[in-house]
>>> print(open('work18.txt').read())   # compact mmCIF, N, CA and C atoms
# COMPACT_ATOMS: atom_id res chain seq x y z
N ARG A 463 -4.28 2.77 -8.50
CA ARG A 463 -4.37 1.88 -7.36
C ARG A 463 -3.04 1.27 -7.01
N TRP A 464 -2.18 1.03 -7.98
CA TRP A 464 -0.91 0.36 -7.71
C TRP A 464 0.14 1.33 -7.19
N ASP A 465 -0.11 2.63 -7.32
CA ASP A 465 0.88 3.62 -6.88
C ASP A 465 1.17 3.52 -5.39
N TYR A 466 0.20 3.07 -4.61
CA TYR A 466 0.37 3.03 -3.17
C TYR A 466 0.87 1.68 -2.66
N MET A 467 1.01 0.73 -3.54
CA MET A 467 1.47 -0.59 -3.13
C MET A 467 2.98 -0.61 -3.13
N ARG A 468 3.55 -0.67 -1.97
CA ARG A 468 5.00 -0.56 -1.82
C ARG A 468 5.70 -1.90 -1.73
N ASP A 469 4.96 -2.97 -1.60
CA ASP A 469 5.56 -4.26 -1.35
C ASP A 469 4.87 -5.31 -2.22
N ASP A 470 5.58 -6.39 -2.51
CA ASP A 470 4.98 -7.48 -3.28
C ASP A 470 3.76 -8.06 -2.56
N ALA A 471 3.80 -8.09 -1.24
CA ALA A 471 2.68 -8.63 -0.47
C ALA A 471 1.41 -7.80 -0.66
N HIS A 472 1.55 -6.49 -0.89
CA HIS A 472 0.37 -5.65 -1.14
C HIS A 472 -0.32 -6.08 -2.43
N VAL A 473 0.48 -6.36 -3.45
CA VAL A 473 -0.08 -6.79 -4.74
C VAL A 473 -0.79 -8.13 -4.57
N LEU A 474 -0.14 -9.05 -3.86
CA LEU A 474 -0.74 -10.36 -3.65
C LEU A 474 -2.04 -10.24 -2.84
N ALA A 475 -2.04 -9.42 -1.81
CA ALA A 475 -3.25 -9.24 -1.01
C ALA A 475 -4.39 -8.68 -1.87
N TYR A 476 -4.08 -7.76 -2.76
CA TYR A 476 -5.09 -7.21 -3.65
C TYR A 476 -5.64 -8.29 -4.57
N CYS A 477 -4.74 -9.14 -5.09
CA CYS A 477 -5.17 -10.20 -6.01
C CYS A 477 -6.00 -11.27 -5.31
N LEU A 478 -5.74 -11.52 -4.04
CA LEU A 478 -6.44 -12.57 -3.31
C LEU A 478 -7.74 -12.08 -2.66
N ASN A 479 -8.05 -10.81 -2.79
CA ASN A 479 -9.29 -10.30 -2.24
C ASN A 479 -10.43 -10.60 -3.21
N PRO A 480 -11.39 -11.44 -2.82
CA PRO A 480 -12.47 -11.81 -3.74
C PRO A 480 -13.30 -10.62 -4.23
N LYS A 481 -13.32 -9.53 -3.48
CA LYS A 481 -14.09 -8.35 -3.89
C LYS A 481 -13.51 -7.69 -5.13
N ASN A 482 -12.23 -7.91 -5.39
CA ASN A 482 -11.58 -7.27 -6.53
C ASN A 482 -11.74 -8.04 -7.82
N GLY A 483 -12.42 -9.17 -7.80
CA GLY A 483 -12.56 -9.97 -9.00
C GLY A 483 -11.21 -10.50 -9.43
N VAL A 484 -10.96 -10.50 -10.72
CA VAL A 484 -9.66 -10.92 -11.25
C VAL A 484 -9.02 -9.69 -11.87
N PRO A 485 -8.18 -9.00 -11.11
CA PRO A 485 -7.58 -7.77 -11.66
C PRO A 485 -6.63 -8.09 -12.81
N ASP A 486 -6.64 -7.22 -13.83
CA ASP A 486 -5.69 -7.34 -14.92
C ASP A 486 -4.33 -6.88 -14.41
N LEU A 487 -3.35 -7.76 -14.49
CA LEU A 487 -2.02 -7.44 -13.99
C LEU A 487 -1.05 -7.31 -15.15
N ASN A 488 -0.18 -6.31 -15.05
CA ASN A 488 0.90 -6.25 -16.04
C ASN A 488 2.02 -7.19 -15.58
N GLU A 489 3.06 -7.29 -16.35
CA GLU A 489 4.14 -8.24 -16.06
C GLU A 489 4.79 -7.97 -14.70
N PHE A 490 5.03 -6.71 -14.38
CA PHE A 490 5.64 -6.34 -13.10
C PHE A 490 4.76 -6.78 -11.92
N GLU A 491 3.46 -6.52 -12.01
CA GLU A 491 2.54 -6.87 -10.94
C GLU A 491 2.40 -8.39 -10.80
N ARG A 492 2.38 -9.08 -11.93
CA ARG A 492 2.28 -10.54 -11.91
C ARG A 492 3.49 -11.15 -11.20
N LYS A 493 4.68 -10.62 -11.52
CA LYS A 493 5.91 -11.11 -10.88
C LYS A 493 5.92 -10.77 -9.39
N ALA A 494 5.44 -9.59 -9.04
CA ALA A 494 5.41 -9.18 -7.64
C ALA A 494 4.51 -10.11 -6.82
N ALA A 495 3.33 -10.44 -7.35
CA ALA A 495 2.41 -11.33 -6.64
C ALA A 495 3.02 -12.72 -6.48
N LEU A 496 3.64 -13.22 -7.54
CA LEU A 496 4.25 -14.55 -7.45
C LEU A 496 5.44 -14.56 -6.50
N ASN A 497 6.23 -13.49 -6.50
CA ASN A 497 7.36 -13.41 -5.57
C ASN A 497 6.87 -13.42 -4.12
N ALA A 498 5.82 -12.68 -3.84
CA ALA A 498 5.28 -12.64 -2.48
C ALA A 498 4.76 -14.01 -2.08
N LEU A 499 4.09 -14.69 -3.00
CA LEU A 499 3.56 -16.02 -2.71
C LEU A 499 4.69 -16.99 -2.42
N LYS A 500 5.75 -16.92 -3.21
CA LYS A 500 6.90 -17.81 -3.00
C LYS A 500 7.58 -17.53 -1.66
N GLU A 501 7.64 -16.26 -1.27
CA GLU A 501 8.27 -15.91 0.00
C GLU A 501 7.45 -16.36 1.20
N MET A 502 6.13 -16.36 1.07
CA MET A 502 5.27 -16.63 2.22
C MET A 502 4.95 -18.11 2.42
N VAL A 503 5.25 -18.94 1.43
CA VAL A 503 4.90 -20.36 1.52
C VAL A 503 6.18 -21.18 1.70
N PRO A 504 6.15 -22.15 2.62
CA PRO A 504 7.31 -23.03 2.77
C PRO A 504 7.61 -23.76 1.46
N GLU A 505 8.86 -24.07 1.26
CA GLU A 505 9.30 -24.64 -0.01
C GLU A 505 8.57 -25.93 -0.37
N LYS A 506 8.25 -26.74 0.63
CA LYS A 506 7.57 -28.02 0.37
C LYS A 506 6.16 -27.82 -0.17
N GLN A 507 5.53 -26.70 0.15
CA GLN A 507 4.15 -26.45 -0.27
C GLN A 507 4.05 -25.45 -1.42
N ARG A 508 5.18 -25.02 -1.92
CA ARG A 508 5.19 -23.95 -2.93
C ARG A 508 4.47 -24.35 -4.21
N ALA A 509 4.73 -25.55 -4.70
CA ALA A 509 4.11 -25.99 -5.96
C ALA A 509 2.58 -26.03 -5.81
N GLN A 510 2.10 -26.55 -4.68
CA GLN A 510 0.66 -26.61 -4.45
C GLN A 510 0.07 -25.20 -4.35
N ALA A 511 0.77 -24.30 -3.68
CA ALA A 511 0.28 -22.92 -3.55
C ALA A 511 0.20 -22.24 -4.91
N LEU A 512 1.21 -22.42 -5.74
CA LEU A 512 1.20 -21.82 -7.08
C LEU A 512 0.07 -22.39 -7.93
N GLN A 513 -0.18 -23.69 -7.79
CA GLN A 513 -1.27 -24.32 -8.53
C GLN A 513 -2.62 -23.77 -8.06
N GLU A 514 -2.80 -23.64 -6.74
CA GLU A 514 -4.04 -23.09 -6.20
C GLU A 514 -4.23 -21.63 -6.63
N TYR A 515 -3.14 -20.87 -6.64
CA TYR A 515 -3.21 -19.47 -7.07
C TYR A 515 -3.65 -19.37 -8.53
N GLY A 516 -3.10 -20.24 -9.37
CA GLY A 516 -3.51 -20.27 -10.78
C GLY A 516 -4.99 -20.58 -10.94
N LYS A 517 -5.48 -21.53 -10.15
CA LYS A 517 -6.91 -21.89 -10.20
C LYS A 517 -7.78 -20.73 -9.69
N PHE A 518 -7.31 -20.06 -8.65
CA PHE A 518 -8.07 -18.92 -8.12
C PHE A 518 -8.15 -17.81 -9.16
N ARG A 519 -7.04 -17.51 -9.80
CA ARG A 519 -7.03 -16.44 -10.82
C ARG A 519 -7.90 -16.81 -12.02
N ALA A 520 -7.88 -18.10 -12.41
CA ALA A 520 -8.65 -18.55 -13.57
C ALA A 520 -10.10 -18.87 -13.21
N ARG A 521 -10.43 -18.82 -11.91
CA ARG A 521 -11.76 -19.17 -11.40
C ARG A 521 -12.14 -20.60 -11.80
N GLU A 522 -11.15 -21.50 -11.65
CA GLU A 522 -11.39 -22.92 -11.88
C GLU A 522 -11.73 -23.57 -10.55
N ALA A 523 -12.31 -24.77 -10.60
CA ALA A 523 -12.68 -25.49 -9.38
C ALA A 523 -11.46 -25.63 -8.48
N PRO A 524 -11.56 -25.41 -7.21
CA PRO A 524 -12.77 -25.19 -6.42
C PRO A 524 -13.19 -23.73 -6.31
N PHE A 525 -12.58 -22.86 -7.12
CA PHE A 525 -12.88 -21.42 -7.06
C PHE A 525 -13.77 -20.97 -8.22
N ASP A 526 -14.49 -21.88 -8.85
CA ASP A 526 -15.27 -21.52 -10.03
C ASP A 526 -16.47 -20.66 -9.66
N VAL A 527 -16.86 -19.84 -10.61
CA VAL A 527 -17.95 -18.89 -10.40
C VAL A 527 -19.27 -19.61 -10.19
N GLY A 528 -19.44 -20.75 -10.83
CA GLY A 528 -20.69 -21.49 -10.70
C GLY A 528 -20.94 -22.04 -9.31
N SER A 529 -19.93 -22.06 -8.47
CA SER A 529 -20.09 -22.62 -7.13
C SER A 529 -20.71 -21.62 -6.15
N ASN A 530 -21.06 -20.44 -6.62
CA ASN A 530 -21.72 -19.41 -5.80
C ASN A 530 -20.78 -18.76 -4.79
N LEU A 531 -19.48 -19.07 -4.85
CA LEU A 531 -18.53 -18.47 -3.92
C LEU A 531 -18.33 -16.98 -4.17
N PHE A 532 -18.54 -16.58 -5.41
CA PHE A 532 -18.28 -15.20 -5.78
C PHE A 532 -19.55 -14.41 -6.01
N SER A 533 -20.68 -14.89 -5.50
CA SER A 533 -21.91 -14.11 -5.64
C SER A 533 -21.75 -12.81 -4.87
N LEU A 534 -22.40 -11.78 -5.33
CA LEU A 534 -22.27 -10.47 -4.69
C LEU A 534 -22.70 -10.50 -3.23
N LEU A 535 -23.71 -11.29 -2.94
CA LEU A 535 -24.19 -11.38 -1.57
C LEU A 535 -23.10 -11.94 -0.65
N VAL A 536 -22.42 -12.97 -1.09
CA VAL A 536 -21.38 -13.59 -0.27
C VAL A 536 -20.16 -12.69 -0.18
N VAL A 537 -19.69 -12.18 -1.30
CA VAL A 537 -18.47 -11.38 -1.33
C VAL A 537 -18.64 -10.06 -0.59
N ASP A 538 -19.79 -9.42 -0.75
CA ASP A 538 -20.00 -8.13 -0.09
C ASP A 538 -20.24 -8.25 1.41
N SER A 539 -20.72 -9.40 1.86
CA SER A 539 -21.04 -9.54 3.28
C SER A 539 -19.83 -9.93 4.13
N LEU A 540 -18.73 -10.36 3.50
CA LEU A 540 -17.56 -10.81 4.25
C LEU A 540 -16.32 -10.02 3.89
N SER A 541 -15.41 -9.95 4.84
CA SER A 541 -14.09 -9.40 4.53
C SER A 541 -13.31 -10.46 3.77
N SER A 542 -12.19 -10.08 3.19
CA SER A 542 -11.34 -11.05 2.51
C SER A 542 -10.94 -12.16 3.46
N TYR A 543 -10.57 -11.78 4.68
CA TYR A 543 -10.19 -12.75 5.71
C TYR A 543 -11.34 -13.72 5.97
N GLY A 544 -12.54 -13.20 6.16
CA GLY A 544 -13.70 -14.03 6.44
C GLY A 544 -14.06 -14.95 5.29
N TRP A 545 -13.93 -14.45 4.05
CA TRP A 545 -14.25 -15.26 2.88
C TRP A 545 -13.30 -16.45 2.79
N TRP A 546 -12.02 -16.19 2.92
CA TRP A 546 -11.04 -17.28 2.83
C TRP A 546 -11.22 -18.27 3.97
N LYS A 547 -11.55 -17.78 5.14
CA LYS A 547 -11.74 -18.65 6.30
C LYS A 547 -12.97 -19.54 6.11
N ALA A 548 -14.03 -18.98 5.54
CA ALA A 548 -15.30 -19.70 5.43
C ALA A 548 -15.41 -20.58 4.19
N TYR A 549 -14.87 -20.14 3.06
CA TYR A 549 -15.17 -20.82 1.81
C TYR A 549 -14.01 -21.53 1.12
N ALA A 550 -12.81 -21.21 1.45
CA ALA A 550 -11.68 -21.83 0.74
C ALA A 550 -11.30 -23.15 1.38
N ASP A 551 -10.83 -24.07 0.55
CA ASP A 551 -10.33 -25.34 1.06
C ASP A 551 -9.02 -25.10 1.80
N PRO A 552 -8.81 -25.83 2.89
CA PRO A 552 -7.54 -25.67 3.62
C PRO A 552 -6.35 -26.00 2.72
N GLY A 553 -5.35 -25.17 2.79
CA GLY A 553 -4.16 -25.37 1.98
C GLY A 553 -3.24 -24.18 2.10
N PRO A 554 -2.13 -24.21 1.41
CA PRO A 554 -1.16 -23.12 1.53
C PRO A 554 -1.68 -21.77 1.05
N LEU A 555 -2.50 -21.75 0.00
CA LEU A 555 -3.02 -20.47 -0.49
C LEU A 555 -3.99 -19.87 0.52
N GLN A 556 -4.82 -20.70 1.14
CA GLN A 556 -5.72 -20.21 2.17
C GLN A 556 -4.92 -19.63 3.34
N ASN A 557 -3.85 -20.29 3.74
CA ASN A 557 -3.03 -19.80 4.84
C ASN A 557 -2.43 -18.43 4.52
N VAL A 558 -1.96 -18.26 3.29
CA VAL A 558 -1.38 -16.97 2.88
C VAL A 558 -2.45 -15.89 2.85
N ALA A 559 -3.61 -16.21 2.27
CA ALA A 559 -4.69 -15.23 2.17
C ALA A 559 -5.18 -14.81 3.55
N ILE A 560 -5.28 -15.75 4.46
CA ILE A 560 -5.72 -15.42 5.82
C ILE A 560 -4.67 -14.57 6.53
N ALA A 561 -3.40 -14.91 6.34
CA ALA A 561 -2.33 -14.12 6.96
C ALA A 561 -2.34 -12.69 6.43
N LEU A 562 -2.53 -12.53 5.12
CA LEU A 562 -2.56 -11.18 4.55
C LEU A 562 -3.83 -10.44 4.94
N GLY A 563 -4.94 -11.14 5.04
CA GLY A 563 -6.20 -10.50 5.41
C GLY A 563 -6.27 -10.11 6.87
N ALA A 564 -5.45 -10.74 7.69
CA ALA A 564 -5.47 -10.44 9.13
C ALA A 564 -4.65 -9.21 9.48
N ILE A 565 -3.84 -8.74 8.56
CA ILE A 565 -3.01 -7.56 8.82
C ILE A 565 -3.88 -6.32 8.75
N PRO A 566 -3.91 -5.51 9.80
CA PRO A 566 -4.73 -4.30 9.74
C PRO A 566 -4.20 -3.32 8.69
N ALA A 567 -5.11 -2.66 8.03
CA ALA A 567 -4.72 -1.73 6.97
C ALA A 567 -4.22 -0.40 7.52
N THR A 568 -4.44 -0.15 8.78
CA THR A 568 -4.02 1.11 9.38
C THR A 568 -3.22 0.84 10.64
N ALA A 569 -2.63 1.89 11.14
CA ALA A 569 -1.87 1.80 12.38
C ALA A 569 -2.70 2.33 13.55
N GLY A 570 -4.00 2.36 13.39
CA GLY A 570 -4.87 2.92 14.42
C GLY A 570 -4.74 2.24 15.77
N ALA A 571 -4.67 0.90 15.77
CA ALA A 571 -4.55 0.19 17.05
C ALA A 571 -3.24 0.53 17.74
N THR A 572 -2.19 0.64 16.98
CA THR A 572 -0.88 1.00 17.55
C THR A 572 -0.92 2.42 18.09
N GLU A 573 -1.52 3.32 17.33
CA GLU A 573 -1.61 4.71 17.78
C GLU A 573 -2.40 4.83 19.08
N ARG A 574 -3.49 4.08 19.20
CA ARG A 574 -4.28 4.11 20.42
C ARG A 574 -3.47 3.57 21.60
N ASN A 575 -2.69 2.52 21.36
CA ASN A 575 -1.85 1.96 22.41
C ASN A 575 -0.82 2.98 22.88
N TRP A 576 -0.16 3.65 21.95
CA TRP A 576 0.84 4.67 22.31
C TRP A 576 0.19 5.83 23.07
N ASN A 577 -1.01 6.20 22.64
CA ASN A 577 -1.73 7.29 23.30
C ASN A 577 -2.03 6.93 24.75
N GLU A 578 -2.52 5.71 24.95
CA GLU A 578 -2.82 5.28 26.32
C GLU A 578 -1.55 5.19 27.16
N PHE A 579 -0.49 4.71 26.56
CA PHE A 579 0.80 4.63 27.25
C PHE A 579 1.25 6.04 27.66
N GLY A 580 1.10 6.98 26.76
CA GLY A 580 1.50 8.36 27.04
C GLY A 580 0.68 8.99 28.15
N GLN A 581 -0.59 8.60 28.25
CA GLN A 581 -1.44 9.14 29.32
C GLN A 581 -1.07 8.55 30.68
N LEU A 582 -0.58 7.33 30.68
CA LEU A 582 -0.21 6.69 31.95
C LEU A 582 1.18 7.11 32.43
N TYR A 583 2.08 7.27 31.49
CA TYR A 583 3.47 7.57 31.85
C TYR A 583 3.69 9.07 31.71
N THR A 584 3.39 9.81 32.75
CA THR A 584 3.52 11.26 32.73
C THR A 584 4.63 11.67 33.70
N ARG A 585 4.84 12.94 33.82
CA ARG A 585 5.87 13.43 34.76
C ARG A 585 5.57 12.99 36.19
N ASN A 586 4.31 12.99 36.54
CA ASN A 586 3.94 12.60 37.90
C ASN A 586 4.05 11.10 38.13
N ARG A 587 4.01 10.34 37.07
CA ARG A 587 4.05 8.88 37.19
C ARG A 587 5.31 8.30 36.56
N ASN A 588 6.38 8.99 36.57
CA ASN A 588 7.57 8.52 35.87
C ASN A 588 8.34 7.44 36.64
N ARG A 589 7.86 7.05 37.81
CA ARG A 589 8.54 6.00 38.56
C ARG A 589 7.94 4.62 38.31
N LEU A 590 6.98 4.53 37.44
CA LEU A 590 6.39 3.23 37.14
C LEU A 590 7.41 2.34 36.43
N LYS A 591 7.50 1.12 36.88
CA LYS A 591 8.41 0.16 36.24
C LYS A 591 7.75 -0.33 34.95
N PRO A 592 8.57 -0.73 33.96
CA PRO A 592 8.02 -1.18 32.67
C PRO A 592 6.99 -2.30 32.79
N GLU A 593 7.23 -3.26 33.72
CA GLU A 593 6.26 -4.36 33.86
C GLU A 593 4.89 -3.85 34.32
N ARG A 594 4.91 -2.95 35.28
CA ARG A 594 3.66 -2.39 35.81
C ARG A 594 2.94 -1.56 34.74
N LEU A 595 3.73 -0.83 33.97
CA LEU A 595 3.16 0.00 32.90
C LEU A 595 2.48 -0.87 31.85
N ARG A 596 3.12 -1.98 31.46
CA ARG A 596 2.54 -2.89 30.48
C ARG A 596 1.22 -3.47 30.98
N LYS A 597 1.16 -3.76 32.28
CA LYS A 597 -0.08 -4.30 32.85
C LYS A 597 -1.20 -3.26 32.82
N LEU A 598 -0.86 -2.00 33.01
CA LEU A 598 -1.86 -0.95 32.99
C LEU A 598 -2.39 -0.68 31.57
N VAL A 599 -1.50 -0.77 30.60
CA VAL A 599 -1.91 -0.52 29.22
C VAL A 599 -2.63 -1.74 28.73
>>> encode(input="work18.txt", output="structure tokens")
Amino acid sequence: RWDYMRDDAHVLAYCLNPKNGVPDLNEFERKAALNALKEMVPEKQRAQALQEYGKFRAREAPFDVGSNLFSLLVVDSLSSYGWWKAYADPGPLQNVAIALGAIPATAGATERNWNEFGQLYTRNRNRLKPERLRKLV
């Protein structure tokens, strides 16, 4: 699973996904997740984010298992983004998890946009100005 993770943010996103439980991380992966967290959080909120991350990994309050946040029904019915939006307390860790969860896993939307652009801008329509083309796409 880690072979395809090219960036520290990928490791952190995997760790913050409630569906993955608490993955066992080796030293390299642990450092990668912490580096990504430090990069994504403003310096003033870094200590709080690291504390929240530790509680999330240890499943301590407010992320404890007894609170029903990690029941299969709840975790399976929501995306990572939805879970963090609905159940996590507002704070720097929630902001990071939502930002990571909002990133699409594929380039499908971009590919569709380029495809539509290519269909509009053809040899017969090569006089369209960029502003007009953007409005059409």
>>> closest_residue(input="work18.txt", among="A:Lys481, A:Lys500, A:His472, A:Lys591", to="Leu512 of chain A", atoms="only N, CA and C atoms")
A:Lys500
>>> atom_distance(input="work18.txt", atom1="atom CA of Gly563 of chain A", atom2="atom CA of Ala548 of chain A")
12.9 Å
>>> atom_distance(input="work18.txt", atom1="atom N of Phe518 of chain A", atom2="atom CA of Ala561 of chain A")
17.4 Å
>>> select_by_dssp(input="work18.txt", residues="chain A", states="alpha helix (DSSP H)", output="PyMOL selection string")
chain A and resi 470-478+489-502+508-520+534-539+542-549+554-563+570-582+592-598
>>> residues_around(input="work18.txt", residues="Ile560 of chain A", least_positions_apart="6", cutoff="7 Å", atoms="all atoms listed in the file", output="PyMOL selection string")
chain A and resi 542-543+546-547
>>> atom_distance(input="work18.txt", atom1="atom C of Glu573 of chain A", atom2="atom CA of Asp470 of chain A")
26.6 Å
>>> closest_residue(input="work18.txt", among="A:Gly483, A:Arg574, A:Glu522, A:Pro554", to="Pro504 of chain A", atoms="all atoms listed in the file")
A:Pro554
>>> residues_around(input="work18.txt", residues="segment 488-496 of chain A", least_positions_apart="6", cutoff="12 Å", atoms="only C-alpha atoms", output="list in words")
Arg463, Trp464, Asp465, Met467, Arg468, Asp469, Asp470, Ala471, His472, Val473, Leu474, Ala475, Tyr476, Cys477, Leu478, Met502, Val503, Arg508, Ala509, Ala511, Leu512, Gln513, Glu514, Tyr515, Gly516, Arg519, Leu555, Val558 and Ala559 of chain A
>>> closest_residue(input="work18.txt", among="A:Lys597, A:Gln581, A:Gly570, A:Gly553", to="Gln510 of chain A", atoms="all atoms listed in the file")
A:Gly553
